[in-house]
There are 2 protein chains.
Amino acid sequence: MSTDGVRPMIAIREVGPRDGLQMVKAVMPTAAKIAWIDAMAAAGLRGMEVASFVPPHLMPQMADAADVTRAARQRHPALTVVALAPNLRGAQNAAAAGAQVVVVPVSASEAHSRANVRRSREDQVAEVARIVEAGGRDRPRIEAGISTAFGCSLQGTVPEDDVVQLGVALAEAGADTVSLADTLGYAAPAQVKRLVRRLRKEIGAERLGHLHLHDTLGTALANAYAGLEEGVRGFDGALGGLGGCPFAPGSVGNAATEDLVYLLESEGFDTGIDLPGLLEARALLAELLPSERLHGRVAAAGIPRTYRDAAPSLEAAQ
Amino acid sequence: MSTDGVRPMIAIREVGPRDGLQMVKAVMPTAAKIAWIDAMAAAGLRGMEVASFVPPHLMPQMADAADVTRAARQRHPALTVVALAPNLRGAQNAAAAGAQVVVVPVSASEAHSRANVRRSREDQVAEVARIVEAGGRDRPRIEAGISTAFGCSLQGTVPEDDVVQLGVALAEAGADTVSLADTLGYAAPAQVKRLVRRLRKEIGAERLGHLHLHDTLGTALANAYAGLEEGVRGFDGALGGLGGCPFAPGSVGNAATEDLVYLLESEGFDTGIDLPGLLEARALLAELLPSERLHGRVAAAGIPRTYRDAAPSLEAAQ
């Protein structure tokens, strides 16, 4: 542990119960989801995307979205409970269940937008505006999540100008924050830096949400580090790298949360997360999903004895 | 492919036939090694560490070191053939077989030095001096490889001052280049930047050799990116992430070469390597070592259609 003063904070949001489980064939029982969420909260996670409010016939894994959201709120007062909703109806259901943040996905790729939410990008921006307006005074925070921001398996390259323009339109539509998601894992570090810089310049630093980086091509941690250098202080992760993208065979989920925590703490940041406790939560997940192959190197190799020994902050190194 | 002019070059050295195979229980037949080396050379690899010149009773996988080195030289005139040798005798055998570069490992951790080469750090620096002196005018280039430069499973934290002092001593002993190896995979990006900067300042940029980064904790590509930003233009990789460290259970090998190539080309650099051809060489390796689990994400997910579409150089992004 570093003794040279206060370490800067980093917010890590666990998205496994949503982004991970929606890709798993098995339907995890509600009680198992809650036990898993409990274990992660016990390890110190303070932000968690726990469910997706979509029609159950489209995604039976999320049929208990309201129950899981309600349980997470009731059981963990210190937790910021996040839910995903693709439209107004889902957002209203998420709010009713107690979600404090609702992530609304908006694809930067027109092809992905139509495949994922069955709506054009333009219509989805209008949907965000409707969600904000309908929410009233006590509405949850609305986060527009720009998916395929770094490339798309259907469209191919996504022009950076499109992403920035979309981000501006979403801020104008009233989204409280706008986040960038590398849904396919195609991002490269310099691209992360450029887009973060451009979007922040347009919508302001306080409106820039988490970076959501998939590890499909093994680049998630390098991209996270690039974001970190560019000043990003919020990242999504999925325990055990659970997840993927339905439009990209062979894809995997977000950066494994445990590996992300290891990297960020090793860089001298304070995630507030107890890494051994997080590995216990991962062991529970492995038990609950015996047929899924989990990813992540820290779990395979164990936490090294040098963990946090030599961790002056990134700022100190520059 | 980027069309905005000449992309800066990056040198990738494949170390799988040495660092990878020495950790594999099976002994790969000489003809198989040569077929694998042929496939990697065909994919455009221009530097390859092909063997370790150690006593065969200690490492039967390397009993054919001279044959493999000789074959690599004869069959691939454009290839820089590298061999590892822990002492004068090994270096002389490597030179006799035609190695153009001899890597001499020197541990920054005293405990690792005694476990790995059965000699103190000081004695191993003296051995480097003996190797340089004995080599004469036509000797191979001597690269002192500082192992455990970023931490050690036996000693724990390795003070950065020790690494820098060792690097200076090795340069004074006559080593043509000095490289930094994260043998255990404990490095963090800011640490990579600091050590590269400090060592380069002491021994000069032209004397700083490749970065050798293991992926045991999943951080190899993030660390490579940090090195890249710090100006490093040479990296080691092991196809399929083959390898590990005998003193660290659960460890894995170097950054998977194919993932490293993907990252660097995506950043706008020219590795000279044909990625589909490299994946063919990896498929051959998998065939030749059916009992080994290979790593790496690009092989699992496939090369995305956006590969090198959006790759302005790192310099352009800064």
# chains A, B, ... in the order shown; residues from 1 in each chain; ligands from 1
call {"tool": "select_by_dssp", "arguments": {"residues": "range 49-131 of chain A", "states": "helix (DSSP H, G or I)", "output": "PyMOL selection string"}}
result
chain A and resi 60-62+65-75+88-97+110-117+121-131
call {"tool": "write_last_selection", "arguments": {"atoms": "N, CA and C atoms", "output": "compact mmCIF listing (two decimals), in the first residue's frame"}}
result
# COMPACT_ATOMS: atom_id res chain seq x y z
N PRO A 60 -35.07 -13.46 -21.75
CA PRO A 60 -35.60 -14.11 -20.54
C PRO A 60 -34.65 -14.00 -19.35
N GLN A 61 -33.33 -13.78 -19.61
CA GLN A 61 -32.38 -13.64 -18.50
C GLN A 61 -32.70 -12.42 -17.64
N MET A 62 -33.44 -11.47 -18.23
CA MET A 62 -33.70 -10.21 -17.52
C MET A 62 -35.17 -10.08 -17.08
N ALA A 65 -35.87 -8.24 -13.81
CA ALA A 65 -35.15 -6.97 -13.70
C ALA A 65 -35.66 -6.13 -12.52
N ALA A 66 -36.98 -6.03 -12.39
CA ALA A 66 -37.54 -5.19 -11.33
C ALA A 66 -37.20 -5.75 -9.95
N ASP A 67 -37.34 -7.06 -9.80
CA ASP A 67 -37.04 -7.68 -8.50
C ASP A 67 -35.57 -7.49 -8.13
N VAL A 68 -34.69 -7.67 -9.09
CA VAL A 68 -33.25 -7.55 -8.81
C VAL A 68 -32.91 -6.10 -8.47
N THR A 69 -33.48 -5.17 -9.23
CA THR A 69 -33.20 -3.75 -8.97
C THR A 69 -33.69 -3.35 -7.58
N ARG A 70 -34.90 -3.77 -7.25
CA ARG A 70 -35.48 -3.46 -5.95
C ARG A 70 -34.62 -4.05 -4.82
N ALA A 71 -34.23 -5.30 -4.99
CA ALA A 71 -33.42 -5.95 -3.96
C ALA A 71 -32.08 -5.25 -3.78
N ALA A 72 -31.45 -4.87 -4.89
CA ALA A 72 -30.15 -4.20 -4.80
C ALA A 72 -30.29 -2.89 -4.03
N ARG A 73 -31.35 -2.13 -4.31
CA ARG A 73 -31.58 -0.88 -3.59
C ARG A 73 -31.80 -1.10 -2.09
N GLN A 74 -32.66 -2.09 -1.79
CA GLN A 74 -33.02 -2.32 -0.40
C GLN A 74 -31.85 -2.85 0.42
N ARG A 75 -31.08 -3.72 -0.18
CA ARG A 75 -30.03 -4.41 0.58
C ARG A 75 -28.74 -3.59 0.70
N LEU A 88 -38.63 4.41 -23.39
CA LEU A 88 -39.35 5.10 -22.32
C LEU A 88 -40.00 4.11 -21.36
N ARG A 89 -40.66 3.13 -21.91
CA ARG A 89 -41.34 2.17 -21.05
C ARG A 89 -40.37 1.48 -20.10
N GLY A 90 -39.23 1.02 -20.66
CA GLY A 90 -38.21 0.38 -19.82
C GLY A 90 -37.68 1.34 -18.77
N ALA A 91 -37.46 2.58 -19.17
CA ALA A 91 -36.91 3.57 -18.23
C ALA A 91 -37.89 3.82 -17.08
N GLN A 92 -39.19 3.85 -17.41
CA GLN A 92 -40.20 4.06 -16.37
C GLN A 92 -40.25 2.88 -15.42
N ASN A 93 -40.15 1.69 -15.98
CA ASN A 93 -40.12 0.49 -15.12
C ASN A 93 -38.88 0.48 -14.23
N ALA A 94 -37.74 0.88 -14.81
CA ALA A 94 -36.49 0.92 -14.03
C ALA A 94 -36.61 1.92 -12.89
N ALA A 95 -37.18 3.10 -13.19
CA ALA A 95 -37.36 4.13 -12.16
C ALA A 95 -38.30 3.63 -11.07
N ALA A 96 -39.36 2.98 -11.48
CA ALA A 96 -40.33 2.48 -10.50
C ALA A 96 -39.70 1.44 -9.57
N ALA A 97 -38.74 0.69 -10.10
CA ALA A 97 -38.08 -0.33 -9.29
C ALA A 97 -36.97 0.26 -8.43
N GLU A 110 -25.48 3.28 -37.49
CA GLU A 110 -26.89 3.18 -37.87
C GLU A 110 -27.32 1.70 -37.98
N ALA A 111 -26.45 0.88 -38.55
CA ALA A 111 -26.79 -0.55 -38.71
C ALA A 111 -26.99 -1.22 -37.35
N HIS A 112 -26.09 -0.89 -36.40
CA HIS A 112 -26.19 -1.48 -35.07
C HIS A 112 -27.42 -0.95 -34.34
N SER A 113 -27.76 0.32 -34.55
CA SER A 113 -28.93 0.91 -33.91
C SER A 113 -30.18 0.13 -34.31
N ARG A 114 -30.30 -0.12 -35.61
CA ARG A 114 -31.49 -0.83 -36.09
C ARG A 114 -31.50 -2.28 -35.59
N ALA A 115 -30.34 -2.90 -35.52
CA ALA A 115 -30.28 -4.30 -35.07
C ALA A 115 -30.52 -4.39 -33.56
N ASN A 116 -30.04 -3.41 -32.81
CA ASN A 116 -30.04 -3.52 -31.35
C ASN A 116 -31.32 -2.96 -30.72
N VAL A 117 -31.75 -1.79 -31.14
CA VAL A 117 -32.96 -1.21 -30.53
C VAL A 117 -34.09 -1.03 -31.56
N ARG A 121 -30.77 5.99 -35.30
CA ARG A 121 -30.06 6.78 -34.28
C ARG A 121 -30.88 8.00 -33.90
N GLU A 122 -31.41 8.66 -34.92
CA GLU A 122 -32.18 9.89 -34.72
C GLU A 122 -33.40 9.62 -33.81
N ASP A 123 -34.12 8.55 -34.11
CA ASP A 123 -35.28 8.22 -33.29
C ASP A 123 -34.87 7.89 -31.86
N GLN A 124 -33.68 7.28 -31.70
CA GLN A 124 -33.26 6.92 -30.35
C GLN A 124 -32.85 8.17 -29.55
N VAL A 125 -32.29 9.15 -30.23
CA VAL A 125 -31.99 10.42 -29.55
C VAL A 125 -33.31 11.05 -29.08
N ALA A 126 -34.33 10.99 -29.93
CA ALA A 126 -35.65 11.53 -29.56
C ALA A 126 -36.22 10.76 -28.37
N GLU A 127 -35.95 9.45 -28.33
CA GLU A 127 -36.42 8.63 -27.21
C GLU A 127 -35.75 9.08 -25.90
N VAL A 128 -34.47 9.40 -25.98
CA VAL A 128 -33.77 9.91 -24.79
C VAL A 128 -34.45 11.19 -24.29
N ALA A 129 -34.78 12.08 -25.23
CA ALA A 129 -35.46 13.34 -24.84
C ALA A 129 -36.80 13.03 -24.17
N ARG A 130 -37.53 12.09 -24.73
CA ARG A 130 -38.82 11.70 -24.13
C ARG A 130 -38.63 11.17 -22.72
N ILE A 131 -37.62 10.33 -22.53
CA ILE A 131 -37.36 9.75 -21.21
C ILE A 131 -37.04 10.84 -20.20
call {"tool": "closest_atom_pairs", "arguments": {"of": "chain B", "to": "chain A", "cutoff": "7 Å", "atoms": "only C-alpha atoms", "output": "JSON lines"}}
result
{"residue": "B:Gly151", "atom": "CA", "partner": "A:Thr306", "partner_atom": "CA", "distance": 7.0}
{"residue": "B:Gly156", "atom": "CA", "partner": "A:Thr306", "partner_atom": "CA", "distance": 5.5}
{"residue": "B:Thr157", "atom": "CA", "partner": "A:Thr306", "partner_atom": "CA", "distance": 5.5}
{"residue": "B:Ala188", "atom": "CA", "partner": "A:Ser266", "partner_atom": "CA", "distance": 6.0}
{"residue": "B:Ala190", "atom": "CA", "partner": "A:Ala317", "partner_atom": "CA", "distance": 5.9}
{"residue": "B:Arg194", "atom": "CA", "partner": "A:Ala317", "partner_atom": "CA", "distance": 6.6}
{"residue": "B:Thr216", "atom": "CA", "partner": "A:Arg297", "partner_atom": "CA", "distance": 6.3}
{"residue": "B:Leu217", "atom": "CA", "partner": "A:Arg297", "partner_atom": "CA", "distance": 4.9}
{"residue": "B:Gly218", "atom": "CA", "partner": "A:Arg297", "partner_atom": "CA", "distance": 5.2}
{"residue": "B:Thr219", "atom": "CA", "partner": "A:Leu221", "partner_atom": "CA", "distance": 6.8}
{"residue": "B:Leu221", "atom": "CA", "partner": "A:Ala222", "partner_atom": "CA", "distance": 5.7}
{"residue": "B:Ala222", "atom": "CA", "partner": "A:Ala222", "partner_atom": "CA", "distance": 3.8}
{"residue": "B:Tyr225", "atom": "CA", "partner": "A:Ala222", "partner_atom": "CA", "distance": 6.4}
{"residue": "B:Gly250", "atom": "CA", "partner": "A:Ala301", "partner_atom": "CA", "distance": 4.4}
{"residue": "B:Ser251", "atom": "CA", "partner": "A:Ala301", "partner_atom": "CA", "distance": 5.7}
{"residue": "B:Asp259", "atom": "CA", "partner": "A:Gly218", "partner_atom": "CA", "distance": 6.7}
{"residue": "B:Leu263", "atom": "CA", "partner": "A:Ala188", "partner_atom": "CA", "distance": 6.8}
{"residue": "B:Ser266", "atom": "CA", "partner": "A:Ala188", "partner_atom": "CA", "distance": 6.0}
{"residue": "B:Glu267", "atom": "CA", "partner": "A:Ala188", "partner_atom": "CA", "distance": 6.2}
{"residue": "B:Arg297", "atom": "CA", "partner": "A:Leu217", "partner_atom": "CA", "distance": 4.9}
{"residue": "B:Val298", "atom": "CA", "partner": "A:Leu217", "partner_atom": "CA", "distance": 5.1}
{"residue": "B:Ala300", "atom": "CA", "partner": "A:Gly250", "partner_atom": "CA", "distance": 6.0}
{"residue": "B:Ala301", "atom": "CA", "partner": "A:Gly250", "partner_atom": "CA", "distance": 4.4}
{"residue": "B:Arg305", "atom": "CA", "partner": "A:Gly156", "partner_atom": "CA", "distance": 6.2}
{"residue": "B:Thr306", "atom": "CA", "partner": "A:Gly156", "partner_atom": "CA", "distance": 5.5}
{"residue": "B:Asp309", "atom": "CA", "partner": "A:Thr157", "partner_atom": "CA", "distance": 6.9}
{"residue": "B:Leu314", "atom": "CA", "partner": "A:Ala190", "partner_atom": "CA", "distance": 6.1}
{"residue": "B:Ala317", "atom": "CA", "partner": "A:Ala190", "partner_atom": "CA", "distance": 5.9}
call {"tool": "select_by_dssp", "arguments": {"residues": "range 28-267 of chain B", "states": "strand (DSSP E or B)", "output": "PyMOL selection string"}}
result
chain B and resi 47-52+80-84+101-107+141-147+152+156+177-182+208-214+234-238+245+248+254+256
call {"tool": "write_last_selection", "arguments": {"atoms": "N, CA and C atoms", "output": "CSV table (one decimal), in the first residue's frame"}}
result
chain,number,residue,atom,x,y,z
B,47,GLY,N,12.9,-10.5,-36.3
B,47,GLY,CA,13.8,-10.8,-35.1
B,47,GLY,C,13.2,-12.0,-34.4
B,48,MET,N,14.1,-12.9,-34.0
B,48,MET,CA,13.5,-14.1,-33.3
B,48,MET,C,14.6,-14.7,-32.4
B,49,GLU,N,14.2,-14.9,-31.1
B,49,GLU,CA,15.0,-15.6,-30.1
B,49,GLU,C,14.7,-17.0,-30.3
B,50,VAL,N,15.6,-17.8,-30.8
B,50,VAL,CA,15.3,-19.2,-31.3
B,50,VAL,C,15.7,-20.2,-30.3
B,51,ALA,N,16.6,-19.9,-29.4
B,51,ALA,CA,17.1,-21.0,-28.5
B,51,ALA,C,17.8,-20.4,-27.3
B,52,SER,N,18.0,-21.3,-26.3
B,52,SER,CA,18.8,-21.0,-25.1
B,52,SER,C,19.9,-21.9,-25.0
B,80,THR,N,17.0,-11.6,-38.0
B,80,THR,CA,18.0,-11.4,-37.0
B,80,THR,C,17.8,-12.5,-36.0
B,81,VAL,N,18.8,-13.4,-35.9
B,81,VAL,CA,18.7,-14.6,-35.1
B,81,VAL,C,19.3,-14.3,-33.7
B,82,VAL,N,18.5,-14.5,-32.7
B,82,VAL,CA,18.9,-14.2,-31.3
B,82,VAL,C,18.9,-15.4,-30.5
B,83,ALA,N,19.8,-15.6,-29.6
B,83,ALA,CA,19.9,-16.7,-28.7
B,83,ALA,C,20.1,-16.2,-27.3
B,84,LEU,N,19.7,-16.9,-26.3
B,84,LEU,CA,19.9,-16.6,-24.9
B,84,LEU,C,21.1,-17.5,-24.4
B,101,VAL,N,22.7,-12.0,-32.2
B,101,VAL,CA,22.5,-11.3,-30.9
B,101,VAL,C,22.5,-12.4,-29.8
B,102,VAL,N,23.2,-12.1,-28.8
B,102,VAL,CA,23.2,-13.0,-27.6
B,102,VAL,C,22.6,-12.3,-26.4
B,103,VAL,N,21.5,-12.7,-25.9
B,103,VAL,CA,20.9,-12.1,-24.7
B,103,VAL,C,21.5,-12.8,-23.5
B,104,VAL,N,22.0,-12.0,-22.6
B,104,VAL,CA,22.5,-12.6,-21.3
B,104,VAL,C,21.6,-12.1,-20.2
B,105,PRO,N,20.9,-13.0,-19.5
B,105,PRO,CA,20.0,-12.6,-18.5
B,105,PRO,C,20.8,-12.2,-17.2
B,106,VAL,N,20.4,-11.1,-16.6
B,106,VAL,CA,20.9,-10.6,-15.4
B,106,VAL,C,19.8,-10.2,-14.5
B,107,SER,N,19.6,-10.8,-13.4
B,107,SER,CA,18.4,-10.5,-12.5
B,107,SER,C,18.7,-9.3,-11.7
B,141,ARG,N,26.2,-9.2,-31.3
B,141,ARG,CA,25.8,-8.1,-30.4
B,141,ARG,C,25.4,-8.7,-29.0
B,142,ILE,N,25.9,-8.1,-28.0
B,142,ILE,CA,25.5,-8.7,-26.6
B,142,ILE,C,24.5,-7.8,-26.0
B,143,GLU,N,23.3,-8.4,-25.7
B,143,GLU,CA,22.2,-7.7,-25.0
B,143,GLU,C,22.1,-8.2,-23.6
B,144,ALA,N,22.3,-7.3,-22.6
B,144,ALA,CA,22.1,-7.7,-21.2
B,144,ALA,C,20.6,-7.5,-21.0
B,145,GLY,N,19.9,-8.6,-20.6
B,145,GLY,CA,18.5,-8.6,-20.3
B,145,GLY,C,18.3,-8.5,-18.8
B,146,ILE,N,17.8,-7.4,-18.3
B,146,ILE,CA,17.6,-7.3,-16.9
B,146,ILE,C,16.2,-7.9,-16.5
B,147,SER,N,16.3,-9.2,-16.0
B,147,SER,CA,15.1,-9.8,-15.6
B,147,SER,C,14.6,-9.4,-14.2
B,152,CYS,N,9.6,-9.2,-8.3
B,152,CYS,CA,10.1,-10.6,-8.3
B,152,CYS,C,9.2,-11.4,-7.3
B,156,GLY,N,10.0,-10.0,-4.0
B,156,GLY,CA,9.0,-9.0,-3.8
B,156,GLY,C,9.3,-7.8,-4.7
B,177,THR,N,23.5,-3.5,-25.8
B,177,THR,CA,22.2,-3.0,-25.4
B,177,THR,C,21.8,-3.6,-24.1
B,178,VAL,N,20.9,-2.9,-23.4
B,178,VAL,CA,20.4,-3.3,-22.1
B,178,VAL,C,18.9,-3.3,-22.2
B,179,SER,N,18.2,-4.4,-21.9
B,179,SER,CA,16.8,-4.5,-22.1
B,179,SER,C,16.1,-4.7,-20.7
B,180,LEU,N,14.9,-4.4,-20.6
B,180,LEU,CA,14.1,-4.5,-19.3
B,180,LEU,C,13.1,-5.6,-19.5
B,181,ALA,N,13.1,-6.6,-18.6
B,181,ALA,CA,12.2,-7.7,-18.7
B,181,ALA,C,11.3,-7.7,-17.4
B,182,ASP,N,10.0,-7.8,-17.7
B,182,ASP,CA,9.0,-7.9,-16.6
B,182,ASP,C,8.7,-9.4,-16.5
B,208,LEU,N,19.3,1.3,-25.2
B,208,LEU,CA,18.1,0.7,-24.6
B,208,LEU,C,17.5,-0.4,-25.5
B,209,GLY,N,17.4,-1.6,-25.0
B,209,GLY,CA,16.9,-2.7,-25.9
B,209,GLY,C,15.4,-2.8,-25.8
B,210,HIS,N,14.9,-4.0,-26.2
B,210,HIS,CA,13.5,-4.2,-26.3
B,210,HIS,C,12.9,-4.3,-24.9
B,211,LEU,N,11.6,-4.0,-24.8
B,211,LEU,CA,10.8,-4.3,-23.6
B,211,LEU,C,10.3,-5.7,-23.7
B,212,HIS,N,10.4,-6.4,-22.6
B,212,HIS,CA,10.0,-7.8,-22.6
B,212,HIS,C,9.0,-7.9,-21.5
B,213,LEU,N,7.7,-8.0,-21.8
B,213,LEU,CA,6.6,-7.9,-20.9
B,213,LEU,C,5.7,-9.1,-20.8
B,214,HIS,N,5.7,-9.8,-19.7
B,214,HIS,CA,4.8,-10.9,-19.5
B,214,HIS,C,3.4,-10.5,-19.1
B,234,GLY,N,10.8,-1.1,-29.6
B,234,GLY,CA,11.2,-2.6,-29.8
B,234,GLY,C,10.5,-3.3,-28.7
B,235,PHE,N,9.8,-4.4,-29.0
B,235,PHE,CA,9.1,-5.2,-28.0
B,235,PHE,C,9.2,-6.7,-28.3
B,236,ASP,N,9.3,-7.5,-27.2
B,236,ASP,CA,9.3,-8.9,-27.3
B,236,ASP,C,7.8,-9.4,-27.3
B,237,GLY,N,7.6,-10.5,-27.9
B,237,GLY,CA,6.3,-11.2,-27.9
B,237,GLY,C,6.5,-12.7,-28.0
B,238,ALA,N,5.5,-13.4,-27.6
B,238,ALA,CA,5.5,-14.9,-27.7
B,238,ALA,C,4.2,-15.3,-28.4
B,245,CYS,N,6.9,-18.4,-16.0
B,245,CYS,CA,8.1,-18.3,-15.2
B,245,CYS,C,8.2,-19.4,-14.3
B,248,ALA,N,7.0,-18.9,-10.6
B,248,ALA,CA,5.7,-18.3,-10.4
B,248,ALA,C,4.6,-19.1,-11.0
B,254,ASN,N,5.0,-14.1,-22.5
B,254,ASN,CA,5.0,-12.7,-23.0
B,254,ASN,C,3.7,-12.4,-23.5
B,256,ALA,N,1.1,-11.9,-26.1
B,256,ALA,CA,0.9,-12.7,-27.3
B,256,ALA,C,1.3,-11.9,-28.5
call {"tool": "atom_distance", "arguments": {"atom1": "CA of Ala134 in chain B", "atom2": "CA of Ile203 in chain B"}}
result
22.6 Å
call {"tool": "closest_residue", "arguments": {"among": "B:Pro77, B:Gly231, B:Gly272, B:Pro86", "to": "Gly98 in chain B", "atoms": "only C-alpha atoms"}}
result
B:Pro77
